[in-house]
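Chemist: Would you mind keeping the following structure in view while I ask a few things?
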Amino acid sequence: MIVRQYEFWIAIRFLIKGRFQTLLILLGIAVGVAVQFFLSALIGGLQISLVERTVGTAPHILALPSDSVPINLTSSDKEIFDSRKVPFIENQEILSWQGYVSYFKSNPEVTAACAVAGGQGFIERGGSSYSVNIKGIQIEDGALIYKFSKNLKAGKAELIGDSAILGQTLVDKLQISIGDRFFIRNNKGSGDFFTVSGIVDLGSAPANTIVFLSLDRARSFLSLNGVNSIEIQIRNVFMADTLAKVFRGEFSRIKIESWQERNRELLTALRSQSSSSGIIQFFVLFSISLGIASVLGIAAVQKSRQLGILKAMGVDNRGAASIFLIQGLLLGFVGSIIGIILGYGMGVTFMKTAGTGTFDLELNTFNLISPVILAVIASGFASVIPARRASKLSPIEVIRNG
């Protein structure tokens with residue numbers, strides 16, 4: 001729609017003339033957009049924080065041994081030789097893990113791939129025994145998965161010989177520090193001494209019960225021929241399911257699981273949050289549209305005489321309708337800009353007063369622009385009804401009836 005200059009200035013004059021109504025509409029739009037912006041930024045920030053806490057220092061995709069392998073129960077002449085055998089055995093290890101790691105690292109979406117030799121053990125100290133999760137890693141790969149550059153609290157991120165990196169929870173329980181030796185017993189009953197080389201805080205108590213060893217030392221300590229898993233991190237955590245499907249198509253001897261498959265309850269909660277936010281925002285926009293349509297409709301009735309005179313002077317139906325469309329779009333744009341500023345202020349105030357300090361508002365381009373666009377579109381649609389009313393006015397009848 002091409003806006004003629006006189007249509008624009010008449011729309012501005014109508015808005016200024018009814019300044020009280022204009023201010024009410026602007027206030028309604030601003031509050032609605034502020035609420036919409038604040039909810040989007042708050043829920044977005046909360047979701048990012050939840051995902052970061054869940055998979056920030058954890059693998060996005062896991063490659064595991066296949067669930068079971070069939071056993072041949074027949075002899076070469078097709079006769080059954082032992083019916084007492086279980087027809088399937090469970091795989092506990094990935095033997096040819098080097099090839100898998102190389103393949104995963106070659107994928108451009110993968111940021112880190114780390115072979116892990118894991119198992120359960122017990123740290124014995126001072127007559128007490130603490131259950132721990134043992135993880136053998138190659139330090140250069142594991143440091144990327146577990147973000148040692150950020151999460152290392154003391155010591156060095158190195159695993160040489162009998163050195164070990166402990167989680168903060170274990171350190172607090174055992175009351176040990178860098179350079180101290182401790183004894184671990186594996187699940188087969190044997191054990192050995194290790195030396196604390198580093199302390200990490202992975203953000204949660206379960207994660208902080210991990211003891212990191214070098215991959216070769218862990219395989220020897222746990223009597224493993226291969227590795228238990230390959231942990232993978234990717235650039236976009238929400239693409240894990242898609243990438244896992246690609247990997248499944250490439251390999252049949254290992255099982256591929258994404259973090260979404262292992263955290264179904266979290267995903268359900270995130271979707272519920274997004275849905276509730278979307279419903280609230282819809283009704284906010286609907287209320288804004290009703291308010292604008294009502295006020296501009298009243299304005300169309302109040303300005304009937306002026307419109308009749310304008311149409312008698314040569315303003316066509318399209319011009320009369322354009323005046324109210326321009327008013328609606330201007331109100332939507334100006335009100336949404338005020339609303340963004342108000343919403344940002346609400347967000348900052350919330351984070352300073354009621355915020356927990358554990359997450360931030362998601363102030364991205366989408367959250368800034370989308371409320372403006374939606375408010376302008378809603379305002380434009382709301383002004384269609386009074387615009388159509390204005391276009392149908394008969395100048396002769398309006399002037400005659402006053």
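Following the order of the structure tokens, chains are lettered A, B, ..., residues in each are numbered from 1, and ligands are numbered from 1.
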As a ChimeraX atom specification, please: every residue in range 48-251 of chain A that a backbone DSSP assignment puts in helix (DSSP H, G or I).
Modeler: /A:48-55,97-106,139-145,148-151,168-174,207-209,215-222,237-250
Chemist: Which one is closest to Ala30 in chain A: A:Leu144, A:Val196, A:Val348, A:Ile337? Count only C-alpha atoms.
Modeler: A:Ile337
Chemist: Using only C-alpha atoms, which residues sit within 7 Å of Val200 in chain A once same-chain residues fewer than 4 positions away are excluded, as a PyMOL selection string?
Modeler: chain A and resi 151-153+166-168
Chemist: Between A:Gly380, A:Gln281, A:Phe324, A:Ile94, which is the closest to Arg13 in chain A once you count only C-alpha atoms?
Modeler: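 Comparing A:Gly380, A:Gln281, A:Phe324, A:Ile94 against Arg13 in chain A, the winner is A:Phe324.
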Chemist: Choose the residue, out of A:Ser220, A:Thr242, A:Gln47, A:Gln327, that has the smallest atom-to-atom separation from Trp9 in chain A; count only C-alpha atoms.
Modeler: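 With only C-alpha atoms as the atom set, the closest residue is A:Gln327.
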Chemist: Provide the CA of Glu93 in chain A to CA of Asn208 in chain A distance in Å, to one decimal place.
Modeler: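 Taking CA of Glu93 in chain A and CA of Asn208 in chain A, their separation equals 24.4 Å.
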Chemist: Closest to Leu159 in chain A among A:Tyr6, A:Phe283, A:Phe212, A:Tyr130, using only C-alpha atoms?
Modeler: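 The answer is A:Phe212, which sits nearest to Leu159 in chain A.
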Chemist: Can you tell me, as JSON, numbers by chain, what residues are no more than 10 Å from Leu27 in chain A when counting only C-alpha atoms, ignoring any on the same chain fewer than 2 positions away?
Modeler: {"A": [21, 22, 23, 24, 25, 29, 30, 31, 32, 33, 331, 335, 336, 338, 339]}
Chemist: Please produce a file of those selected residues containing N, CA and C atoms, as a compact mmCIF listing (two decimals), in the first residue's frame.
Modeler:
# COMPACT_ATOMS: atom_id res chain seq x y z
N GLN A 21 -7.14 9.03 24.21
CA GLN A 21 -7.35 7.70 23.66
C GLN A 21 -6.03 7.12 23.13
N THR A 22 -5.26 7.97 22.48
CA THR A 22 -3.96 7.53 21.95
C THR A 22 -3.04 7.04 23.05
N LEU A 23 -3.00 7.78 24.15
CA LEU A 23 -2.13 7.38 25.26
C LEU A 23 -2.59 6.07 25.87
N LEU A 24 -3.92 5.88 25.97
CA LEU A 24 -4.44 4.63 26.51
C LEU A 24 -4.05 3.45 25.64
N ILE A 25 -4.19 3.61 24.32
CA ILE A 25 -3.81 2.52 23.40
C ILE A 25 -2.32 2.23 23.51
N ILE A 29 -0.66 -1.33 24.52
CA ILE A 29 0.29 -2.05 23.66
C ILE A 29 1.62 -2.23 24.38
N ALA A 30 2.10 -1.16 25.02
CA ALA A 30 3.41 -1.22 25.70
C ALA A 30 3.41 -2.27 26.80
N VAL A 31 2.36 -2.32 27.59
CA VAL A 31 2.29 -3.31 28.67
C VAL A 31 2.22 -4.72 28.10
N GLY A 32 1.40 -4.89 27.05
CA GLY A 32 1.29 -6.21 26.44
C GLY A 32 2.60 -6.69 25.85
N VAL A 33 3.28 -5.82 25.12
CA VAL A 33 4.57 -6.18 24.51
C VAL A 33 5.62 -6.41 25.58
N LEU A 331 0.46 3.21 16.00
CA LEU A 331 0.25 2.85 17.41
C LEU A 331 0.97 1.55 17.77
N GLY A 335 4.04 1.82 20.31
CA GLY A 335 3.72 1.12 21.56
C GLY A 335 4.65 -0.06 21.81
N SER A 336 5.01 -0.79 20.74
CA SER A 336 5.89 -1.95 20.92
C SER A 336 7.31 -1.53 21.28
N ILE A 338 8.09 1.17 23.01
CA ILE A 338 8.00 1.51 24.43
C ILE A 338 7.93 0.23 25.27
N GLY A 339 7.19 -0.77 24.77
CA GLY A 339 7.04 -2.03 25.48
C GLY A 339 8.35 -2.79 25.61
Chemist: Pick out the closest residue to Leu46 in chain A from this set: A:Met351, A:Ala115, A:Ile256, A:Ala375. Count only C-alpha atoms.
Modeler: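 Smallest distance to Leu46 in chain A is found for A:Met351.
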Chemist: If you count only C-alpha atoms, which residues fall within 10 Å of Gln92 in chain A, apart from same-chain ones fewer than 5 positions away, as number ranges by chain?
Modeler: A: 64-68, 224, 226-229
Chemist: Using only C-alpha atoms for the distances, tell me which of A:Ile373, A:Ala378, A:Ile48, A:Arg318 is nearest to Leu290 in chain A.
Modeler: A:Ala378
Chemist: With only C-alpha atoms as the counted atoms, please give the residues lying no more than 10 Å from Asp180 in chain A, apart from itself and same-chain residues fewer than 6 positions off, as an MDAnalysis selection string.
Modeler: chainID A and resid 194:197
Chemist: Could you pull out the residues in range 3-184 of chain A that DSSP calls strand (DSSP E) from the backbone, as a ChimeraX atom specification?
Modeler: /A:61-65,69-70,88-89,110-125,128-137,152-155,163-167,181-184
Chemist: Okay, now the selection with C-alpha atoms, as a short mmCIF file (atom, residue, chain, number, x, y, z; two decimals), in the first residue's frame?
Modeler:
data_model
loop_
_atom_site.label_atom_id
_atom_site.label_comp_id
_atom_site.auth_asym_id
_atom_site.auth_seq_id
_atom_site.Cartn_x
_atom_site.Cartn_y
_atom_site.Cartn_z
CA ILE A 61 25.47 -38.19 22.03
CA LEU A 62 26.64 -41.52 23.42
CA ALA A 63 28.01 -44.44 21.41
CA LEU A 64 27.53 -47.63 23.45
CA PRO A 65 28.09 -51.34 22.91
CA VAL A 69 24.96 -60.39 20.18
CA PRO A 70 23.35 -63.65 18.95
CA PHE A 88 22.21 -63.87 23.33
CA ILE A 89 25.09 -62.34 25.24
CA VAL A 110 31.09 -32.67 16.26
CA THR A 111 33.20 -30.53 18.59
CA ALA A 112 34.62 -33.37 20.71
CA ALA A 113 34.63 -37.17 20.77
CA CYS A 114 36.16 -39.03 23.71
CA ALA A 115 36.57 -42.77 24.32
CA VAL A 116 35.66 -43.66 27.91
CA ALA A 117 36.65 -46.68 29.97
CA GLY A 118 34.25 -46.53 32.90
CA GLY A 119 33.16 -48.51 35.90
CA GLN A 120 32.20 -48.38 39.55
CA GLY A 121 34.62 -48.36 42.43
CA PHE A 122 35.03 -47.50 46.10
CA ILE A 123 37.40 -45.03 47.67
CA GLU A 124 38.51 -46.27 51.08
CA ARG A 125 39.77 -43.66 53.50
CA SER A 128 34.96 -45.27 55.42
CA SER A 129 34.09 -46.34 51.90
CA TYR A 130 32.64 -44.01 49.23
CA SER A 131 31.08 -45.18 45.97
CA VAL A 132 32.59 -43.44 42.95
CA ASN A 133 32.20 -43.44 39.20
CA ILE A 134 35.55 -44.14 37.51
CA LYS A 135 36.12 -42.67 34.06
CA GLY A 136 39.20 -43.27 32.00
CA ILE A 137 39.66 -40.63 29.30
CA LEU A 152 39.10 -26.93 37.01
CA LYS A 153 39.22 -25.46 40.53
CA ALA A 154 42.69 -26.54 41.63
CA GLY A 155 45.75 -28.40 40.34
CA SER A 163 47.40 -39.29 38.73
CA ALA A 164 43.66 -38.63 39.03
CA ILE A 165 41.28 -35.69 38.75
CA LEU A 166 38.51 -35.72 41.38
CA GLY A 167 35.11 -34.07 41.54
CA ARG A 181 47.21 -40.22 47.72
CA PHE A 182 44.05 -42.29 48.08
CA PHE A 183 43.04 -45.92 47.60
CA ILE A 184 40.39 -47.13 45.13
#
Chemist: Skip His60 in chain A itself and residues of its chain fewer than 3 positions away, then list as a PyMOL selection string all residues within 12 Å of it, counting only C-alpha atoms.
Modeler: chain A and resi 51-52+54-57+63+109-114+145-146+230-244+256-263
Chemist: Restricting the output to N, CA and C atoms, write the selected residues as a compact mmCIF listing (two decimals), in the first residue's frame.
Modeler:
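Result saved to result12.txt:
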# COMPACT_ATOMS: atom_id res chain seq x y z
N VAL A 51 19.19 -26.66 30.06
CA VAL A 51 19.92 -27.50 29.11
C VAL A 51 21.41 -27.49 29.42
N GLU A 52 21.93 -26.31 29.75
CA GLU A 52 23.35 -26.20 30.08
C GLU A 52 23.70 -27.04 31.31
N THR A 54 22.11 -29.65 32.29
CA THR A 54 21.91 -31.06 32.00
C THR A 54 23.01 -31.62 31.09
N VAL A 55 23.35 -30.90 30.04
CA VAL A 55 24.29 -31.43 29.04
C VAL A 55 25.49 -30.53 28.81
N GLY A 56 25.63 -29.47 29.60
CA GLY A 56 26.76 -28.56 29.40
C GLY A 56 28.09 -29.25 29.58
N THR A 57 28.20 -30.07 30.62
CA THR A 57 29.43 -30.82 30.87
C THR A 57 29.12 -32.32 30.82
N ALA A 63 27.86 -43.20 22.16
CA ALA A 63 28.01 -44.44 21.41
C ALA A 63 28.31 -45.54 22.42
N GLU A 109 29.94 -31.24 12.52
CA GLU A 109 29.06 -30.82 13.60
C GLU A 109 29.58 -31.24 14.97
N VAL A 110 30.55 -32.15 15.00
CA VAL A 110 31.09 -32.67 16.26
C VAL A 110 32.23 -31.79 16.74
N THR A 111 32.14 -31.35 17.99
CA THR A 111 33.20 -30.53 18.59
C THR A 111 34.17 -31.34 19.42
N ALA A 112 33.74 -32.52 19.91
CA ALA A 112 34.62 -33.37 20.71
C ALA A 112 34.07 -34.79 20.71
N ALA A 113 34.99 -35.76 20.67
CA ALA A 113 34.63 -37.17 20.77
C ALA A 113 35.68 -37.84 21.65
N CYS A 114 35.23 -38.50 22.71
CA CYS A 114 36.16 -39.03 23.71
C CYS A 114 35.80 -40.47 24.06
N ILE A 145 35.05 -32.22 26.54
CA ILE A 145 33.72 -32.67 26.96
C ILE A 145 33.35 -32.05 28.30
N TYR A 146 34.27 -32.13 29.26
CA TYR A 146 33.97 -31.71 30.63
C TYR A 146 34.46 -30.30 30.95
N ILE A 230 31.71 -44.08 23.88
CA ILE A 230 32.35 -42.92 23.24
C ILE A 230 31.41 -41.74 23.44
N GLU A 231 31.88 -40.72 24.12
CA GLU A 231 31.07 -39.54 24.41
C GLU A 231 31.33 -38.47 23.36
N ILE A 232 30.23 -37.88 22.88
CA ILE A 232 30.31 -36.92 21.77
C ILE A 232 29.60 -35.63 22.16
N GLN A 233 30.22 -34.52 21.86
CA GLN A 233 29.55 -33.23 21.97
C GLN A 233 29.50 -32.58 20.60
N ILE A 234 28.39 -31.84 20.35
CA ILE A 234 28.19 -31.22 19.04
C ILE A 234 27.94 -29.72 19.21
N ARG A 235 27.92 -29.01 18.09
CA ARG A 235 27.78 -27.54 18.13
C ARG A 235 26.41 -27.12 18.63
N ASN A 236 25.37 -27.73 18.09
CA ASN A 236 23.99 -27.38 18.46
C ASN A 236 23.37 -28.55 19.21
N VAL A 237 23.17 -28.40 20.53
CA VAL A 237 22.69 -29.51 21.35
C VAL A 237 21.33 -30.02 20.89
N PHE A 238 20.51 -29.16 20.29
CA PHE A 238 19.18 -29.57 19.88
C PHE A 238 19.18 -30.34 18.55
N MET A 239 20.35 -30.47 17.93
CA MET A 239 20.48 -31.28 16.73
C MET A 239 20.96 -32.69 17.04
N ALA A 240 21.06 -33.01 18.34
CA ALA A 240 21.60 -34.31 18.74
C ALA A 240 20.77 -35.47 18.21
N ASP A 241 19.45 -35.37 18.28
CA ASP A 241 18.59 -36.44 17.78
C ASP A 241 18.80 -36.68 16.29
N THR A 242 18.86 -35.60 15.53
CA THR A 242 19.05 -35.70 14.08
C THR A 242 20.39 -36.34 13.75
N LEU A 243 21.44 -35.88 14.42
CA LEU A 243 22.78 -36.41 14.15
C LEU A 243 22.90 -37.86 14.61
N ALA A 244 22.22 -38.21 15.72
CA ALA A 244 22.24 -39.59 16.19
C ALA A 244 21.62 -40.53 15.15
N ILE A 256 23.60 -45.97 19.42
CA ILE A 256 23.74 -44.52 19.49
C ILE A 256 22.55 -43.93 20.24
N GLU A 257 22.81 -43.14 21.26
CA GLU A 257 21.75 -42.48 22.03
C GLU A 257 22.04 -40.99 22.13
N SER A 258 21.01 -40.18 21.95
CA SER A 258 21.15 -38.72 22.11
C SER A 258 20.73 -38.33 23.53
N TRP A 259 21.11 -37.13 23.93
CA TRP A 259 20.75 -36.68 25.28
C TRP A 259 19.23 -36.50 25.39
N GLN A 260 18.55 -36.21 24.26
CA GLN A 260 17.10 -36.08 24.33
C GLN A 260 16.44 -37.40 24.71
N GLU A 261 16.99 -38.51 24.19
CA GLU A 261 16.43 -39.82 24.52
C GLU A 261 16.65 -40.17 25.99
N ARG A 262 17.71 -39.65 26.57
CA ARG A 262 18.03 -39.96 27.97
C ARG A 262 17.42 -38.96 28.94
N ASN A 263 16.77 -37.92 28.41
CA ASN A 263 16.19 -36.89 29.28
C ASN A 263 14.79 -36.51 28.80
Chemist: Could you tell me how far CA of Ser177 in chain A sits from CA of Lys147 in chain A, in Å to one decimal place?
Modeler: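 So the answer is 20.6 Å.
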